[in-house]
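Visitor: Sharing a structure, written as structure tokens. Questions coming.
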Amino acid sequence: MSAAGAAVPQSGGEPLCVFGTGDLGRSLGQRLLQCGYSVVYGSRRPDSCGPIPLGAQALSHADAALSASLIFICVHRDHYGFLQNMAPHLEGKVLIDLSNNLKKGMFPDTNAEYLQRLVPGAAVVKGLNTLSAWALQNGLLAGKQAFLCGDSAEAKQAVSQVCTRLGLSVLDKGSLSAARELEDFPLQLFPQWRLPLCIALGLSAFFYFYLLIRDVIYAYVEDGKDISYRIMVSLANKVFPIVSLVMLSLCYLPGVIAAFIQLYRGTKYRRFPDWLDRWMLCRKQIGLLALGFAFLHAIYTFIIPIRYAVRHKLISRVVDEMKDNKTTPFYFDNTEAWGTDSFFVLGILGFFLYVLLGLTSLPSVGATLSWREFNFIQSKLGHMTLFICTAHGYIYGWNKFLKRSTYKWYTPPGYMLCLIVPSIVLVLKVILLLPCVDRTLTRIRQGWERASSRDQTEPFKASKF
Amino acid sequence: MSAAGAAVPQSGGEPLCVFGTGDLGRSLGQRLLQCGYSVVYGSRRPDSCGPIPLGAQALSHADAALSASLIFICVHRDHYGFLQNMAPHLEGKVLIDLSNNLKKGMFPDTNAEYLQRLVPGAAVVKGLNTLSAWALQNGLLAGKQAFLCGDSAEAKQAVSQVCTRLGLSVLDKGSLSAARELEDFPLQLFPQWRLPLCIALGLSAFFYFYLLIRDVIYAYVEDGKDISYRIMVSLANKVFPIVSLVMLSLCYLPGVIAAFIQLYRGTKYRRFPDWLDRWMLCRKQIGLLALGFAFLHAIYTFIIPIRYAVRHKLISRVVDEMKDNKTTPFYFDNTEAWGTDSFFVLGILGFFLYVLLGLTSLPSVGATLSWREFNFIQSKLGHMTLFICTAHGYIYGWNKFLKRSTYKWYTPPGYMLCLIVPSIVLVLKVILLLPCVDRTLTRIRQGWERASSRDQTEPFKASKF
Amino acid sequence: MSAAGAAVPQSGGEPLCVFGTGDLGRSLGQRLLQCGYSVVYGSRRPDSCGPIPLGAQALSHADAALSASLIFICVHRDHYGFLQNMAPHLEGKVLIDLSNNLKKGMFPDTNAEYLQRLVPGAAVVKGLNTLSAWALQNGLLAGKQAFLCGDSAEAKQAVSQVCTRLGLSVLDKGSLSAARELEDFPLQLFPQWRLPLCIALGLSAFFYFYLLIRDVIYAYVEDGKDISYRIMVSLANKVFPIVSLVMLSLCYLPGVIAAFIQLYRGTKYRRFPDWLDRWMLCRKQIGLLALGFAFLHAIYTFIIPIRYAVRHKLISRVVDEMKDNKTTPFYFDNTEAWGTDSFFVLGILGFFLYVLLGLTSLPSVGATLSWREFNFIQSKLGHMTLFICTAHGYIYGWNKFLKRSTYKWYTPPGYMLCLIVPSIVLVLKVILLLPCVDRTLTRIRQGWERASSRDQTEPFKASKF
């Protein structure tokens, strides 16, 4: 014991106190021990409170509170009652409220304010409630943000020091009245996915109805044919690649816009407009959704030949060939063979690169890349993917662009519409790659400023482009 | 030097000693240095012992032992001989035996007990043998468990303090006679996969033979046809989705059972039966195996149209059509087109969600999710997947349930059998979602107890449902 | 505050100084704070320098330099000018140059040497420039290597102590003239992928032209047929599996060679030849490329039936069947059905295992495996995959090996060529598994040495086989 104790002084300082020996309490205590603190548990039954981490001590609530000035409350709001009874023992202590509720608006006041009301003599700090017992146990805290709020600056300072030792980045959110925001935080569901999902759903719905009208309803109205069975697979397999391509181009558009803004302003030291910032922050999610749609497109394509309608059509065609008394080998259209094969090859390569991009956005894979490698993949490989997928779209319509029959009811087909944004992105990107433009942009990104723009020096939020 | 030294005192305490400068010894020493300990190596040739971590010191075995009271033995059992010779120098020291063997039962006694016999005056502690040099080097210790055993409580306490600083969770396994268990531990192969794999293999074998009898043998006995070629692909492609669906439902069944147990008992503070606990702990593995089978099912389906037998059948059908002098366009069955397309669409969507569930169970992806998000995906999305896949199964048999010819030899086809468990799980889940039931369950999970159940207060192991 | 402060002394020592409050400076400071150092920032405008981590202090450059002896320079080379002006304040300090350039050879001298020239009185240490702000923020340092170079051993020692506390493994690269190498390091792009990529491209090009001559040009020269449309898909779908299989066998060949070298030498304590070491270090990359080719092969196979040429051929065949007045059911070749189905099944299983191997090489998945499990998957499962894929290749040519027509222009088809290396690897592996050979090898790997080889005792670099 002395050997280890000598090297890293542990038992010297005042201990930290944890009320509650549930999952969260145990995990938090263990983690605090691992960071070199000594830990004391407060429990209703200190002798039979279940397993606590090796090295910690279990006392009664009152004794535990006596020995420490920071107390972590790892107890459900429903059980806060006992704290009111022992309020005298908590006078002058810092109470950290880690509790969460199951739903928004379950109680009129926040847990933290309720706690402060029960124990007016203590300084309540709300925070750390975004940590799960699971993350604590598995040491997954590094780099995570911890929000704190509370009315006593000194208390917050003490808690933030502990948070820093736990490996967290602390963000002060102000007085205890901000507790509502902090308690709602862990109840949010994929906040950064909301906008991308809305875009994806909006685009899907639009193109779905657009194609429904152009294909199914047109056939019914003009030719009296019922091809409604196409709704399930054929239509979907047109919508998926369209949405996927548009989303992919939306993923690279903000980077291009940002470059033009920097060129125009002649400096990188000014903030982008808010909408652009928000857009750039959800590029990863937009890209992953695009990959999802591409994945669905691929599988929908693979099952084409086993569909009833496709087999039926194939058999009909054979019987037709026979009826016309054609002799074999009948006409083999070499151009058609080259065209469709190129179409497939571009699609496959595009999908392959798509998957590669998706893999490198896995956190553990991305962590093994240097910044330059990450940049190479997300920028070079990304634009290459966009180029190949756009070419895939152009070849799909290669001989149909100029045909009259393509424009049913004077509307262009879906794939033409979806080629607009990607084409614009690619053209703008080519302009940015012109040597003269590229040189200026590189200098701006290295910190050079055009004379006229020096007067603004707002700090600039770095953006990986 | 002084700057860094001043901020974090390092050189003050007694050093830790490591015997052995192999891969493990070097990695362990480096990690100890990173945790703020000073480290001394004991080596046969202190001057030419190969690279040791910067900041550590290499001495002779005897000198190193003198300067420390904790000695990590990172040497193969075969080379323990020299320790006996220097036993006097090790009097009163704590020796940590980290060694592993290549196979179970290679030696009659454990390495730790052998070491204790060689150096009776020291306190041998077995432990840390589950750590690989690779994990140590890459800082992958956080959250891992370290088992310790030894006869001296004081020695174990000292070692456990070091383990805690390394970020490990320590579990005391008792006296040195438990060393056998600890030494066998790293020789285990996927212990948590054993039960799920047995279930998967059992189900596969059962359904394979069931379908073999119903399809191939039935055709041979009743019609005299040899369709044995179906064994390779067609049969397998029936077994895979069946097993996958059953496994998926087995993944969600224990959660439902647990909810009903809690409802029945009126409290969450009582342990589940052991079999349920064990089942719940291997749900992830069961789910991943289900995904594996679904993946195989998907690929088997994609290659259907290029199989010889399928092409042969298609050609035969065309020739038949011609023989019957049917005229084109011959009859197009709209219901059939809708039915098969719905079948495919449900299958594709189910597979898509399956893959999504699999992706979120990747450790690095899971770590980026909040508890609520993880819960949403594994519970909501999981039950949705189960529902879609079950619907996929029902549509497969939509018009065959009531046909006589379906029940060859009075046995139901495989897909009917496999729909039983998923249907039960879904029905039970729907019951749990009824407002009145849901409200009671939520209250129980928040800690509320029905009056009659208060008398039992056994600590309860939290389960993520 | 006192509670936390007491347990882990933080404010005691001399602080570390960081010049520059950009992304990198802020992230580094935060990380230093989390490791228990106190941090002072030097800034042009200490009062309006943007957000700095909680707990750090912002001073003017001169004041900050006064209070610390270690100064991290997180500023672009372009802005080094001000350091010359304040050179007197930097006398005797250790300056750590973390800067990087955008391209190789942008400046005649390295940033570190330039800095040393500007401030001759300080001890410049180059290093930590491989860390990104992103890695620092997310705590992804554990196990990463930090290279240092500098002319003052004392200065390097001080810096390396800080690096160790940050969780890095330090490697001293010598005097400041090595700065060129360190500054070029983060500009490298996938250095460990270069060799595997060259092999893959070389193999692809060779087999592509080989098959082009044998298939397309042969058909044109001998039969006058233009089958050039096959270039896009059919040829590629022959090249991909060939390259994939060869790469997979190249992934397991070095392990087998290493085993035979150890058997021949009778010891594991001697280094392998350099080429073998380098080969073994890029096995993971070779394997992942093989997986990439297998993935492409799979998708190319799935789209076969929707290709124009394939449909055309199918229809032609039906019409031919009709012309020949065959009656249905026409001849069903049971052997053909078994053969092709076996071929597909082996391909699918091989691909499944391939994907499994790929998944376990994800960093976060690999980290959850024990060494024995990792070894089991990469060795046992890997050789199994190689065996199944090789069998897939053999069945492809099952009845063609002895046919004359197979050897166009006296050249063997591509798949025969590609079976050579895998077959050799499998045969050698089987030899190694013979009990007598296996026993000797196991003893050697446990440290046993044949008498004749004891005289060499060069330290051996461990290799996971």
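Here, A, B, ... name the chains of the structure tokens in the order displayed, residue numbers run from 1 inside each chain, and ligands are numbered from 1 in the same displayed order.
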Taking only residues of chain B that have an atom at most 8 Å from an atom of chain C, what is each one's shortest atom pair and its distance in Å to one decimal, using only C-alpha atoms, in chain and number order, as JSON lines?
Guide:
{"residue": "B:Met1", "atom": "CA", "partner": "C:Ala158", "partner_atom": "CA", "distance": 3.8}
{"residue": "B:Ser2", "atom": "CA", "partner": "C:Ala158", "partner_atom": "CA", "distance": 7.2}
{"residue": "B:Ala3", "atom": "CA", "partner": "C:Glu14", "partner_atom": "CA", "distance": 5.6}
{"residue": "B:Ala4", "atom": "CA", "partner": "C:Val162", "partner_atom": "CA", "distance": 6.1}
{"residue": "B:Gly5", "atom": "CA", "partner": "C:Gln161", "partner_atom": "CA", "distance": 7.9}
{"residue": "B:Ala6", "atom": "CA", "partner": "C:Gly13", "partner_atom": "CA", "distance": 4.4}
{"residue": "B:Ala7", "atom": "CA", "partner": "C:Gly13", "partner_atom": "CA", "distance": 3.9}
{"residue": "B:Val8", "atom": "CA", "partner": "C:Gly36", "partner_atom": "CA", "distance": 6.8}
{"residue": "B:Asp23", "atom": "CA", "partner": "C:Ala462", "partner_atom": "CA", "distance": 7.4}
{"residue": "B:Gln30", "atom": "CA", "partner": "C:Ser169", "partner_atom": "CA", "distance": 7.8}
{"residue": "B:Leu33", "atom": "CA", "partner": "C:Thr164", "partner_atom": "CA", "distance": 7.3}
{"residue": "B:Gln34", "atom": "CA", "partner": "C:Arg165", "partner_atom": "CA", "distance": 5.2}
{"residue": "B:Cys35", "atom": "CA", "partner": "C:Arg165", "partner_atom": "CA", "distance": 7.1}
{"residue": "B:Gly36", "atom": "CA", "partner": "C:Arg165", "partner_atom": "CA", "distance": 7.3}
{"residue": "B:Gly50", "atom": "CA", "partner": "C:Pro459", "partner_atom": "CA", "distance": 6.9}
{"residue": "B:Leu54", "atom": "CA", "partner": "C:Val170", "partner_atom": "CA", "distance": 7.2}
{"residue": "B:Gly55", "atom": "CA", "partner": "C:Gln161", "partner_atom": "CA", "distance": 7.8}
{"residue": "B:Thr130", "atom": "CA", "partner": "C:Ser370", "partner_atom": "CA", "distance": 7.7}
{"residue": "B:Ser132", "atom": "CA", "partner": "C:Trp371", "partner_atom": "CA", "distance": 6.5}
{"residue": "B:Ala135", "atom": "CA", "partner": "C:Ala367", "partner_atom": "CA", "distance": 7.4}
{"residue": "B:Gln137", "atom": "CA", "partner": "C:Gly143", "partner_atom": "CA", "distance": 5.2}
{"residue": "B:Asn138", "atom": "CA", "partner": "C:Gly143", "partner_atom": "CA", "distance": 3.9}
{"residue": "B:Gly139", "atom": "CA", "partner": "C:Ala142", "partner_atom": "CA", "distance": 4.9}
{"residue": "B:Leu140", "atom": "CA", "partner": "C:Ala367", "partner_atom": "CA", "distance": 7.0}
{"residue": "B:Pro186", "atom": "CA", "partner": "C:Ser370", "partner_atom": "CA", "distance": 7.0}
{"residue": "B:Leu187", "atom": "CA", "partner": "C:Arg372", "partner_atom": "CA", "distance": 6.7}
{"residue": "B:Gln188", "atom": "CA", "partner": "C:Arg372", "partner_atom": "CA", "distance": 7.9}
{"residue": "B:Leu189", "atom": "CA", "partner": "C:Glu373", "partner_atom": "CA", "distance": 5.8}
{"residue": "B:Phe190", "atom": "CA", "partner": "C:Glu373", "partner_atom": "CA", "distance": 6.8}
{"residue": "B:Tyr229", "atom": "CA", "partner": "C:Trp338", "partner_atom": "CA", "distance": 5.3}
{"residue": "B:Met232", "atom": "CA", "partner": "C:Asp341", "partner_atom": "CA", "distance": 6.1}
{"residue": "B:Val233", "atom": "CA", "partner": "C:Asp341", "partner_atom": "CA", "distance": 6.4}
{"residue": "B:Leu296", "atom": "CA", "partner": "C:Phe352", "partner_atom": "CA", "distance": 7.3}
{"residue": "B:Ile299", "atom": "CA", "partner": "C:Ile348", "partner_atom": "CA", "distance": 7.1}
{"residue": "B:Tyr300", "atom": "CA", "partner": "C:Ile348", "partner_atom": "CA", "distance": 7.5}
{"residue": "B:Phe302", "atom": "CA", "partner": "C:Phe302", "partner_atom": "CA", "distance": 5.8}
{"residue": "B:Ile303", "atom": "CA", "partner": "C:Phe302", "partner_atom": "CA", "distance": 6.1}
{"residue": "B:Pro305", "atom": "CA", "partner": "C:Pro305", "partner_atom": "CA", "distance": 6.5}
{"residue": "B:Ile306", "atom": "CA", "partner": "C:Pro305", "partner_atom": "CA", "distance": 6.4}
{"residue": "B:Arg307", "atom": "CA", "partner": "C:Asp341", "partner_atom": "CA", "distance": 6.8}
{"residue": "B:Tyr308", "atom": "CA", "partner": "C:Ala337", "partner_atom": "CA", "distance": 5.7}
{"residue": "B:Ala309", "atom": "CA", "partner": "C:Ala337", "partner_atom": "CA", "distance": 6.0}
{"residue": "B:His312", "atom": "CA", "partner": "C:Phe332", "partner_atom": "CA", "distance": 7.5}
{"residue": "B:Ile315", "atom": "CA", "partner": "C:Val318", "partner_atom": "CA", "distance": 5.9}
{"residue": "B:Ser316", "atom": "CA", "partner": "C:Thr328", "partner_atom": "CA", "distance": 6.3}
{"residue": "B:Val318", "atom": "CA", "partner": "C:Val318", "partner_atom": "CA", "distance": 7.5}
{"residue": "B:Val319", "atom": "CA", "partner": "C:Met322", "partner_atom": "CA", "distance": 6.7}
{"residue": "B:Asp320", "atom": "CA", "partner": "C:Thr328", "partner_atom": "CA", "distance": 7.0}
{"residue": "B:Leu362", "atom": "CA", "partner": "C:Val365", "partner_atom": "CA", "distance": 6.8}
{"residue": "B:Pro363", "atom": "CA", "partner": "C:Ser364", "partner_atom": "CA", "distance": 5.8}
{"residue": "B:Ser364", "atom": "CA", "partner": "C:Ser364", "partner_atom": "CA", "distance": 5.7}
Visitor: Arg26 (chain B): which residues within 9 Å, counting only C-alpha atoms, same-chain residues fewer than 3 positions away excluded, as number ranges by chain?
Guide: B: 18, 20-23, 29-31, 41, 51-53, 133, 137
Visitor: Which residues come within 10 Å of Gln116 (chain A), counting only C-alpha atoms, excluding same-chain residues fewer than 5 positions away, as a ChimeraX atom specification?
Guide: /A:84,95,97,110-111,121-125,150,176
Visitor: Quick one: distance from CA of Arg311 (chain A) to CA of Lys313 (chain C) in Å, one decimal?
Guide: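 Taking CA of Arg311 (chain A) as the start and CA of Lys313 (chain C) as the end point, the length is 15.2 Å.
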Visitor: Any chance you could list, as a list of chain:residue names, the residues in region 112-307 of chain A that come up strand (DSSP E or B) when DSSP is run on the backbone?
Guide: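 Result set for region 112-307 of chain A (strand (DSSP E or B)): A:Ala123, A:Val124, A:Val125, A:Lys126, A:Gly127, A:Gln145, A:Ala146, A:Phe147, A:Leu148, A:Cys149, A:Gly150, A:Ser169, A:Val170, A:Leu171, A:Asp172.
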